[in-house]
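J.: Data: target-v2.cif, mmCIF, C-alpha atoms.
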```cif
data_my_file
#
loop_
_atom_site.group_PDB
_atom_site.id
_atom_site.type_symbol
_atom_site.label_atom_id
_atom_site.label_comp_id
_atom_site.auth_asym_id
_atom_site.auth_seq_id
_atom_site.Cartn_x
_atom_site.Cartn_y
_atom_site.Cartn_z
ATOM 1 C CA VAL A 762 -14.540 -18.494 1.372
ATOM 2 C CA TRP A 763 -17.001 -17.893 4.186
ATOM 3 C CA GLY A 764 -19.481 -16.386 1.763
ATOM 4 C CA GLU A 765 -19.206 -19.431 -0.499
ATOM 5 C CA LEU A 766 -19.833 -21.751 2.444
ATOM 6 C CA VAL A 767 -22.897 -19.767 3.469
ATOM 7 C CA GLU A 768 -24.207 -19.870 -0.084
ATOM 8 C CA LEU A 769 -23.605 -23.610 -0.281
ATOM 9 C CA GLY A 770 -25.357 -24.113 3.053
ATOM 10 C CA LYS A 771 -28.398 -22.175 1.831
ATOM 11 C CA LYS A 772 -28.518 -24.215 -1.342
ATOM 12 C CA LEU A 773 -28.264 -27.485 0.582
ATOM 13 C CA TRP A 774 -31.055 -26.389 2.900
ATOM 14 C CA SER A 775 -33.306 -25.405 -0.008
ATOM 15 C CA VAL A 776 -32.685 -28.805 -1.583
ATOM 16 C CA GLY A 777 -32.822 -30.905 1.593
ATOM 17 C CA LYS A 778 -36.164 -29.551 2.783
ATOM 18 C CA GLN A 779 -37.848 -30.817 -0.391
ATOM 19 C CA ARG A 780 -39.894 -33.924 0.299
ATOM 20 C CA ARG A 781 -38.468 -35.720 -2.735
ATOM 21 C CA ILE A 782 -35.040 -35.453 -1.037
ATOM 22 C CA TRP A 783 -35.703 -35.996 2.656
ATOM 23 C CA ALA A 784 -38.276 -38.784 2.248
ATOM 24 C CA PRO A 785 -35.927 -41.175 0.347
ATOM 25 C CA THR A 786 -33.113 -40.107 2.682
ATOM 26 C CA ALA A 787 -35.231 -41.098 5.679
ATOM 27 C CA PHE A 788 -35.869 -44.447 4.007
ATOM 28 C CA VAL A 789 -32.136 -44.997 3.556
ATOM 29 C CA PHE A 790 -31.581 -44.316 7.266
ATOM 30 C CA LEU A 791 -34.395 -46.658 8.282
ATOM 31 C CA TRP A 792 -33.127 -49.315 5.869
ATOM 32 C CA GLN A 793 -29.743 -49.319 7.592
ATOM 33 C CA ALA A 794 -30.843 -48.727 11.178
ATOM 34 C CA THR A 795 -32.584 -52.009 12.020
ATOM 35 C CA PRO A 796 -30.948 -53.960 14.912
ATOM 36 C CA ASN A 797 -27.892 -56.081 14.181
ATOM 37 C CA PRO A 798 -26.861 -59.172 16.203
ATOM 38 C CA GLY A 799 -23.331 -59.180 14.748
ATOM 39 C CA THR A 800 -21.419 -58.666 18.007
ATOM 40 C CA ALA A 801 -23.342 -61.381 19.838
ATOM 41 C CA MET A 802 -22.833 -63.777 16.920
ATOM 42 C CA PHE A 803 -19.105 -63.055 16.922
ATOM 43 C CA TYR A 804 -18.784 -64.048 20.583
ATOM 44 C CA PHE A 805 -20.969 -67.085 19.963
ATOM 45 C CA THR A 806 -18.783 -68.354 17.116
ATOM 46 C CA THR A 807 -15.539 -67.746 19.004
ATOM 47 C CA ASN A 808 -16.472 -68.606 22.598
ATOM 48 C CA GLU A 809 -19.132 -71.248 22.022
ATOM 49 C CA LEU A 810 -18.248 -72.822 18.675
ATOM 50 C CA GLY A 811 -14.498 -72.345 19.071
ATOM 51 C CA PHE A 812 -13.780 -70.724 15.702
ATOM 52 C CA THR A 813 -10.063 -69.877 15.555
ATOM 53 C CA PRO A 814 -8.537 -66.632 14.224
ATOM 54 C CA GLU A 815 -7.245 -68.612 11.238
ATOM 55 C CA PHE A 816 -10.728 -69.796 10.337
ATOM 56 C CA LEU A 817 -12.188 -66.313 10.846
ATOM 57 C CA GLY A 818 -9.549 -65.056 8.414
ATOM 58 C CA ARG A 819 -10.793 -67.568 5.863
ATOM 59 C CA VAL A 820 -14.330 -66.360 6.453
ATOM 60 C CA ALA A 821 -13.181 -62.775 5.814
ATOM 61 C CA LEU A 822 -11.536 -63.873 2.555
ATOM 62 C CA VAL A 823 -14.677 -65.695 1.450
ATOM 63 C CA ARG A 824 -16.721 -62.616 2.357
ATOM 64 C CA ALA A 825 -14.522 -60.389 0.174
ATOM 65 C CA VAL A 826 -14.827 -62.724 -2.811
ATOM 66 C CA ALA A 827 -18.587 -63.015 -2.285
ATOM 67 C CA ALA A 828 -18.879 -59.205 -2.205
ATOM 68 C CA LEU A 829 -17.224 -59.009 -5.623
ATOM 69 C CA ALA A 830 -19.619 -61.688 -6.854
ATOM 70 C CA GLY A 831 -22.519 -59.588 -5.559
ATOM 71 C CA VAL A 832 -21.292 -56.543 -7.485
ATOM 72 C CA ALA A 833 -20.947 -58.618 -10.658
ATOM 73 C CA LEU A 834 -24.419 -60.086 -10.182
ATOM 74 C CA TYR A 835 -26.005 -56.673 -9.722
ATOM 75 C CA ASN A 836 -24.266 -55.015 -12.670
ATOM 76 C CA SER A 837 -24.898 -57.974 -14.962
ATOM 77 C CA TYR A 838 -28.520 -58.813 -14.234
ATOM 78 C CA LEU A 839 -30.170 -56.478 -11.721
ATOM 79 C CA LYS A 840 -29.268 -52.873 -12.549
ATOM 80 C CA GLU A 841 -32.354 -52.522 -14.766
ATOM 81 C CA VAL A 842 -34.699 -53.652 -11.990
ATOM 82 C CA PRO A 843 -36.818 -50.857 -10.415
ATOM 83 C CA LEU A 844 -35.354 -49.722 -7.117
ATOM 84 C CA LYS A 845 -38.524 -50.310 -5.106
ATOM 85 C CA LYS A 846 -38.663 -53.896 -6.319
ATOM 86 C CA MET A 847 -34.979 -54.356 -5.469
ATOM 87 C CA PHE A 848 -35.448 -53.070 -1.922
ATOM 88 C CA PHE A 849 -38.614 -55.121 -1.423
ATOM 89 C CA TRP A 850 -37.122 -58.447 -2.462
ATOM 90 C CA SER A 851 -33.799 -57.688 -0.765
ATOM 91 C CA ALA A 852 -35.639 -57.240 2.537
ATOM 92 C CA ILE A 853 -37.740 -60.370 2.067
ATOM 93 C CA LEU A 854 -34.805 -62.557 1.042
ATOM 94 C CA GLY A 855 -32.518 -60.993 3.641
ATOM 95 C CA ALA A 856 -34.930 -61.716 6.481
ATOM 96 C CA THR A 857 -35.633 -65.227 5.210
ATOM 97 C CA LEU A 858 -32.030 -66.251 4.578
ATOM 98 C CA GLY A 859 -30.869 -64.471 7.730
ATOM 99 C CA LEU A 860 -32.981 -66.926 9.695
ATOM 100 C CA SER A 861 -30.536 -69.614 8.599
ATOM 101 C CA GLN A 862 -28.340 -68.391 11.466
ATOM 102 C CA LEU A 863 -30.905 -69.932 13.787
ATOM 103 C CA LEU A 864 -29.755 -73.336 12.581
ATOM 104 C CA LEU A 865 -26.220 -72.510 13.689
ATOM 105 C CA VAL A 866 -27.341 -71.081 17.023
ATOM 106 C CA SER A 867 -29.533 -74.083 17.815
ATOM 107 C CA GLY A 868 -26.978 -76.600 16.539
ATOM 108 C CA TYR A 869 -29.531 -78.126 14.190
ATOM 109 C CA ASN A 870 -27.046 -77.913 11.335
ATOM 110 C CA ARG A 871 -25.029 -80.660 13.015
ATOM 111 C CA GLU A 872 -28.109 -82.870 13.126
ATOM 112 C CA LEU A 873 -28.315 -82.362 9.366
ATOM 113 C CA GLY A 874 -24.724 -83.522 9.035
ATOM 114 C CA ILE A 875 -23.311 -80.044 8.298
ATOM 115 C CA SER A 876 -20.325 -78.930 10.357
ATOM 116 C CA ASP A 877 -20.358 -75.498 12.009
ATOM 117 C CA GLN A 878 -17.400 -74.327 9.904
ATOM 118 C CA PHE A 879 -18.867 -75.415 6.577
ATOM 119 C CA PHE A 880 -22.280 -74.021 7.439
ATOM 120 C CA SER A 881 -20.749 -70.704 8.498
ATOM 121 C CA LEU A 882 -18.802 -70.401 5.243
ATOM 122 C CA GLY A 883 -21.858 -71.145 3.118
ATOM 123 C CA ASP A 884 -24.013 -68.790 5.140
ATOM 124 C CA THR A 885 -21.395 -66.044 4.755
ATOM 125 C CA VAL A 886 -21.299 -66.437 0.967
ATOM 126 C CA VAL A 887 -25.069 -66.255 0.544
ATOM 127 C CA LEU A 888 -25.665 -63.372 2.952
ATOM 128 C CA THR A 889 -22.714 -61.329 1.672
ATOM 129 C CA VAL A 890 -23.833 -61.621 -1.952
ATOM 130 C CA LEU A 891 -27.339 -60.585 -0.931
ATOM 131 C CA GLY A 892 -25.961 -57.781 1.238
ATOM 132 C CA GLU A 893 -23.962 -56.342 -1.647
ATOM 133 C CA VAL A 894 -26.915 -56.615 -4.014
ATOM 134 C CA SER A 895 -29.104 -54.734 -1.522
ATOM 135 C CA PHE A 896 -26.410 -52.111 -0.850
ATOM 136 C CA LEU A 897 -25.718 -51.030 -4.427
ATOM 137 C CA PRO A 898 -29.274 -49.742 -5.026
ATOM 138 C CA VAL A 899 -28.686 -47.357 -2.100
ATOM 139 C CA LEU A 900 -25.799 -45.810 -4.032
ATOM 140 C CA VAL A 901 -27.900 -45.625 -7.181
ATOM 141 C CA LEU A 902 -30.713 -43.937 -5.252
ATOM 142 C CA ALA A 903 -28.305 -41.483 -3.634
ATOM 143 C CA ALA A 904 -26.826 -40.563 -7.022
ATOM 144 C CA ARG A 905 -30.299 -40.012 -8.488
ATOM 145 C CA LEU A 906 -31.382 -37.700 -5.686
ATOM 146 C CA CYS A 907 -28.509 -35.252 -6.168
ATOM 147 C CA PRO A 908 -29.552 -32.142 -8.152
ATOM 148 C CA GLU A 909 -27.158 -30.170 -10.310
ATOM 149 C CA GLY A 910 -24.816 -27.856 -8.454
ATOM 150 C CA VAL A 911 -24.552 -29.732 -5.159
ATOM 151 C CA GLU A 912 -24.040 -33.289 -6.412
ATOM 152 C CA ALA A 913 -20.875 -34.147 -4.480
ATOM 153 C CA THR A 914 -21.905 -32.423 -1.247
ATOM 154 C CA LEU A 915 -25.395 -33.895 -1.160
ATOM 155 C CA PHE A 916 -24.118 -37.362 -2.079
ATOM 156 C CA ALA A 917 -21.625 -37.170 0.784
ATOM 157 C CA ALA A 918 -24.417 -36.053 3.110
ATOM 158 C CA LEU A 919 -26.598 -38.975 2.036
ATOM 159 C CA MET A 920 -23.762 -41.414 2.666
ATOM 160 C CA SER A 921 -23.318 -39.843 6.101
ATOM 161 C CA VAL A 922 -26.980 -40.559 6.800
ATOM 162 C CA PHE A 923 -26.413 -44.138 5.626
ATOM 163 C CA ASN A 924 -23.446 -44.500 7.994
ATOM 164 C CA ALA A 925 -25.447 -42.935 10.823
ATOM 165 C CA GLY A 926 -28.024 -45.641 10.237
ATOM 166 C CA GLY A 927 -25.266 -48.212 10.672
ATOM 167 C CA VAL A 928 -24.317 -46.667 14.009
ATOM 168 C CA ALA A 929 -27.961 -46.733 15.078
ATOM 169 C CA SER A 930 -28.168 -50.371 13.989
ATOM 170 C CA GLY A 931 -25.243 -51.307 16.209
ATOM 171 C CA ALA A 932 -26.656 -49.357 19.151
ATOM 172 C CA LEU A 933 -30.091 -50.932 18.818
ATOM 173 C CA GLY A 934 -28.520 -54.362 18.466
ATOM 174 C CA ALA A 935 -26.480 -53.791 21.621
ATOM 175 C CA ALA A 936 -29.554 -52.603 23.518
ATOM 176 C CA LEU A 937 -31.560 -55.629 22.402
ATOM 177 C CA THR A 938 -28.655 -57.924 23.287
ATOM 178 C CA SER A 939 -28.520 -56.440 26.779
ATOM 179 C CA ALA A 940 -32.293 -56.606 27.212
ATOM 180 C CA LEU A 941 -32.301 -60.322 26.376
ATOM 181 C CA GLY A 942 -29.384 -61.007 28.693
ATOM 182 C CA VAL A 943 -27.072 -62.318 25.972
ATOM 183 C CA GLU A 944 -23.448 -62.107 27.116
ATOM 184 C CA SER A 945 -20.063 -63.435 26.039
ATOM 185 C CA ASP A 946 -20.644 -66.548 28.129
ATOM 186 C CA ASN A 947 -24.444 -66.729 28.118
ATOM 187 C CA PHE A 948 -26.178 -67.443 24.796
ATOM 188 C CA THR A 949 -29.463 -68.776 26.160
ATOM 189 C CA ASN A 950 -31.539 -66.114 24.414
ATOM 190 C CA LEU A 951 -29.335 -65.701 21.339
ATOM 191 C CA PHE A 952 -31.923 -67.593 19.275
ATOM 192 C CA TYR A 953 -34.548 -64.952 20.091
ATOM 193 C CA LEU A 954 -32.090 -62.121 19.471
ATOM 194 C CA VAL A 955 -31.317 -63.354 15.956
ATOM 195 C CA LEU A 956 -35.013 -63.964 15.307
ATOM 196 C CA LEU A 957 -36.045 -60.463 16.413
ATOM 197 C CA CYS A 958 -33.258 -58.769 14.448
ATOM 198 C CA ASN A 959 -34.254 -60.570 11.278
ATOM 199 C CA LEU A 960 -37.940 -59.817 11.719
ATOM 200 C CA THR A 961 -37.300 -56.117 12.371
ATOM 201 C CA SER A 962 -35.347 -55.936 9.095
ATOM 202 C CA LEU A 963 -38.773 -56.037 7.421
ATOM 203 C CA VAL A 964 -39.831 -52.765 9.081
ATOM 204 C CA PRO A 965 -38.436 -50.534 6.258
ATOM 205 C CA LEU A 966 -40.889 -52.144 3.839
ATOM 206 C CA GLY A 967 -43.583 -49.967 5.409
ATOM 207 C CA ALA A 968 -41.705 -46.898 4.129
ATOM 208 C CA LEU A 969 -41.167 -48.073 0.543
ATOM 209 C CA GLY A 970 -43.693 -45.469 -0.600
ATOM 210 C CA TRP A 971 -41.191 -42.759 0.365
ATOM 211 C CA LEU A 972 -39.092 -43.762 -2.633
ATOM 212 C CA ASP A 973 -41.839 -42.436 -4.898
ATOM 213 C CA GLU A 974 -40.766 -38.986 -3.761
ATOM 214 C CA ALA A 975 -37.508 -39.440 -5.663
ATOM 215 C CA ASP A 976 -39.395 -39.025 -8.926
ATOM 216 C CA GLY A 977 -39.163 -35.488 -10.190
ATOM 217 C CA PRO A 978 -37.601 -33.202 -12.788
ATOM 218 C CA GLU A 979 -34.209 -33.384 -11.070
ATOM 219 C CA GLY A 980 -34.388 -37.044 -10.083
ATOM 220 C CA GLY A 981 -32.418 -38.395 -13.033
ATOM 221 C CA GLU A 982 -33.225 -39.321 -16.601
ATOM 222 C CA ASP A 983 -35.379 -42.275 -15.697
ATOM 223 C CA GLY A 984 -36.774 -41.071 -12.346
ATOM 224 C CA GLY A 985 -35.963 -42.265 -8.886
ATOM 225 C CA GLY A 986 -38.082 -45.391 -9.172
ATOM 226 C CA GLU A 987 -36.023 -47.178 -11.833
ATOM 227 C CA GLY A 988 -32.529 -48.564 -11.874
ATOM 228 C CA GLY A 989 -32.323 -47.617 -15.553
ATOM 229 C CA THR A 990 -29.064 -47.192 -17.387
ATOM 230 C CA LYS A 991 -27.553 -45.470 -14.375
ATOM 231 C CA GLY A 992 -27.053 -48.795 -12.582
ATOM 232 C CA ALA A 993 -23.289 -48.214 -12.592
ATOM 233 C CA VAL A 994 -22.449 -46.933 -9.135
ATOM 234 C CA PRO A 995 -20.203 -43.964 -8.361
ATOM 235 C CA ALA A 996 -18.399 -45.660 -5.473
ATOM 236 C CA LEU A 997 -17.925 -49.042 -3.905
ATOM 237 C CA THR A 998 -17.766 -49.712 -0.204
ATOM 238 C CA ASP A 999 -18.353 -52.738 1.942
ATOM 239 C CA ALA A 1000 -21.832 -54.094 2.263
ATOM 240 C CA SER A 1001 -24.075 -53.371 5.193
ATOM 241 C CA ALA A 1002 -22.987 -55.114 8.349
ATOM 242 C CA LYS A 1003 -26.556 -56.202 9.091
ATOM 243 C CA ASN A 1004 -26.431 -58.417 6.012
ATOM 244 C CA VAL A 1005 -23.330 -60.251 7.003
#
```
I'd like the structure from this file rewritten - as structure tokens, please.

T.:
Amino acid sequence: VWGELVELGKKLWSVGKQRRIWAPTAFVFLWQATPNPGTAMFYFTTNELGFTPEFLGRVALVRAVAALAGVALYNSYLKEVPLKKMFFWSAILGATLGLSQLLLVSGYNRELGISDQFFSLGDTVVLTVLGEVSFLPVLVLAARLCPEGVEATLFAALMSVFNAGGVASGALGAALTSALGVESDNFTNLFYLVLLCNLTSLVPLGALGWLDEADGPEGGEDGGGEGGTKGAVPALTDASAKNV
């Protein structure tokens, strides 16, 4: 058994040190690791806006339904779209639509005649659908990167990198929250926190060129740059928290 593990480790190392593997993997980490204001927004909606546990449960239900809608949208209309184009427009739309939270933070939605609860539900639907649509290409990319012989192990490793990016996102969000002095009873700078988090979500666009490294003889039938007929994903998990 030990010999098999050593052999597997050597094979993983020989695969992982290839630029066409580590460059897209680094992009996946960067894609997930941008700061997230989720914790601060949670305290804002509960402590400042007075959202009850019952209403938050309804939001969670709406989010689950919207996630399924996002999967259906991707598999029906977007799985043929090149991955680089998917990531590009997901980042642009995510940053743009994510700024809608500024309306809730500033209270401007009430001036428009939209209640906080209704606005929050609508915002959740839109951002969750977009989050799911931007998450599924990550799974497609991960599946395409895996060469024969170490498919399951390398895919699991890539998903671990993705999850590590999520941890980094939460840590960076917490650090930024602390730096701006946003607390459970002080939301003076929450507007700037949400603004900065949304703007930094555009940072991964500078590394889109790393996805070109996924093209290669072992990168899948259609290459790493296309969604192709392999749009069906091998697994389904919840969308990225930064898109919620």

J.: Measure the distance from atom CA of A:Glu815 to atom CA of A:Gly874 in Å and round it to one decimal.

T.: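 That distance, rounded to one decimal, is 23.1 Å.
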
J.: Between A:Val890, A:Leu844, A:Leu791, A:Leu951, which has the minimum distance to A:Thr806 (counting all atoms listed in the file)?

T.: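 The shortest atom-to-atom distance to A:Thr806 comes from A:Leu951.
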
J.: Find the residues around stretch 822-837 of chain A up to 6 Å (all atoms listed in the file counted), leave out those fewer than 3 positions away in its own chain, and share them as a PDB file with C-alpha atoms, in the frame of the given file.

T.:
```pdb
ATOM      1  CA  ARG A 819     -10.793 -67.568   5.863  1.00  0.00           C
ATOM      2  CA  LYS A 840     -29.268 -52.873 -12.549  1.00  0.00           C
ATOM      3  CA  VAL A 886     -21.299 -66.437   0.967  1.00  0.00           C
ATOM      4  CA  THR A 889     -22.714 -61.329   1.672  1.00  0.00           C
ATOM      5  CA  VAL A 890     -23.833 -61.621  -1.952  1.00  0.00           C
ATOM      6  CA  GLU A 893     -23.962 -56.342  -1.647  1.00  0.00           C
ATOM      7  CA  VAL A 894     -26.915 -56.615  -4.014  1.00  0.00           C
TER       8      VAL A 894
END
```

J.: Hey, what's within 12 Å of A:Gly777 if we count only C-alpha atoms and toss same-chain stuff fewer than 3 positions away? As a list of chain:residue names, please?

T.: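 Once the nearby chain positions are removed, what remains is A:Leu769, A:Gly770, A:Lys771, A:Lys772, A:Leu773, A:Trp774, A:Arg780, A:Arg781, A:Ile782, A:Trp783, A:Ala784, A:Pro785, A:Thr786, A:Ala787, A:Leu906, A:Cys907, A:Pro908, A:Val911, A:Thr914, A:Leu915, A:Phe916, A:Ala918, A:Leu919.
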
J.: So the first atom is atom CA of A:Leu817 and the second is atom CA of A:Val928; what is the distance between them in Å, to one decimal place?

T.: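 Those two atoms sit 23.3 Å apart.
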
J.: Could you check which of A:Gly868, A:Val901, A:Phe879, A:Ser861 is closest to A:Val842, using only C-alpha atoms?

T.: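 Distance minimum relative to A:Val842 lands on A:Val901.
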
J.: For atom CA of A:Leu766 and atom CA of A:Ala904, quote the distance in Å rounded to one decimal.

T.: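 Separation between atom CA of A:Leu766 and atom CA of A:Ala904: 22.2 Å.
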
J.: Name the closest residue to A:Lys846 among the candidates A:Leu969, A:Arg871, A:Gly910, A:Asn924; distances are taken between atoms, counting all atoms listed in the file.

T.: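 Of the candidates, the smallest distance to A:Lys846 is held by A:Leu969.
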
J.: Which of these residues is nearest to A:Ala903, using all atoms listed in the file: A:Met920, A:Leu972, A:Leu937, A:Leu960?

T.: A:Met920

J.: Can you tell me which residues surround A:Asn959 at a distance of at most 12 Å, considering all atoms listed in the file, apart from same-chain residues fewer than 4 positions away, and format the answer as a list of chain:residue names?

T.: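 Final neighbour list, sorted by chain and number: A:Thr795, A:Pro796, A:Asn797, A:Pro798, A:Gly799, A:Ala852, A:Ile853, A:Leu854, A:Gly855, A:Ala856, A:Thr857, A:Leu858, A:Gly859, A:Leu860, A:Ser861, A:Gln862, A:Leu863, A:Gly934, A:Phe952, A:Tyr953, A:Leu954, A:Val955, A:Leu963, A:Val964, A:Pro965, A:Lys1003, A:Asn1004, A:Val1005.
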
J.: Which is closer to A:Phe805 than all the others in A:Gly967, A:Ala925, A:Phe849, A:Asp877, using all atoms listed in the file?

T.: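 The closest residue to A:Phe805 is A:Asp877.
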
J.: Which of these residues is nearest to A:Leu882, using all atoms listed in the file: A:Phe816, A:Trp763, A:Phe803, A:Phe896?

T.: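 Among the listed residues, A:Phe816 lies closest to A:Leu882.
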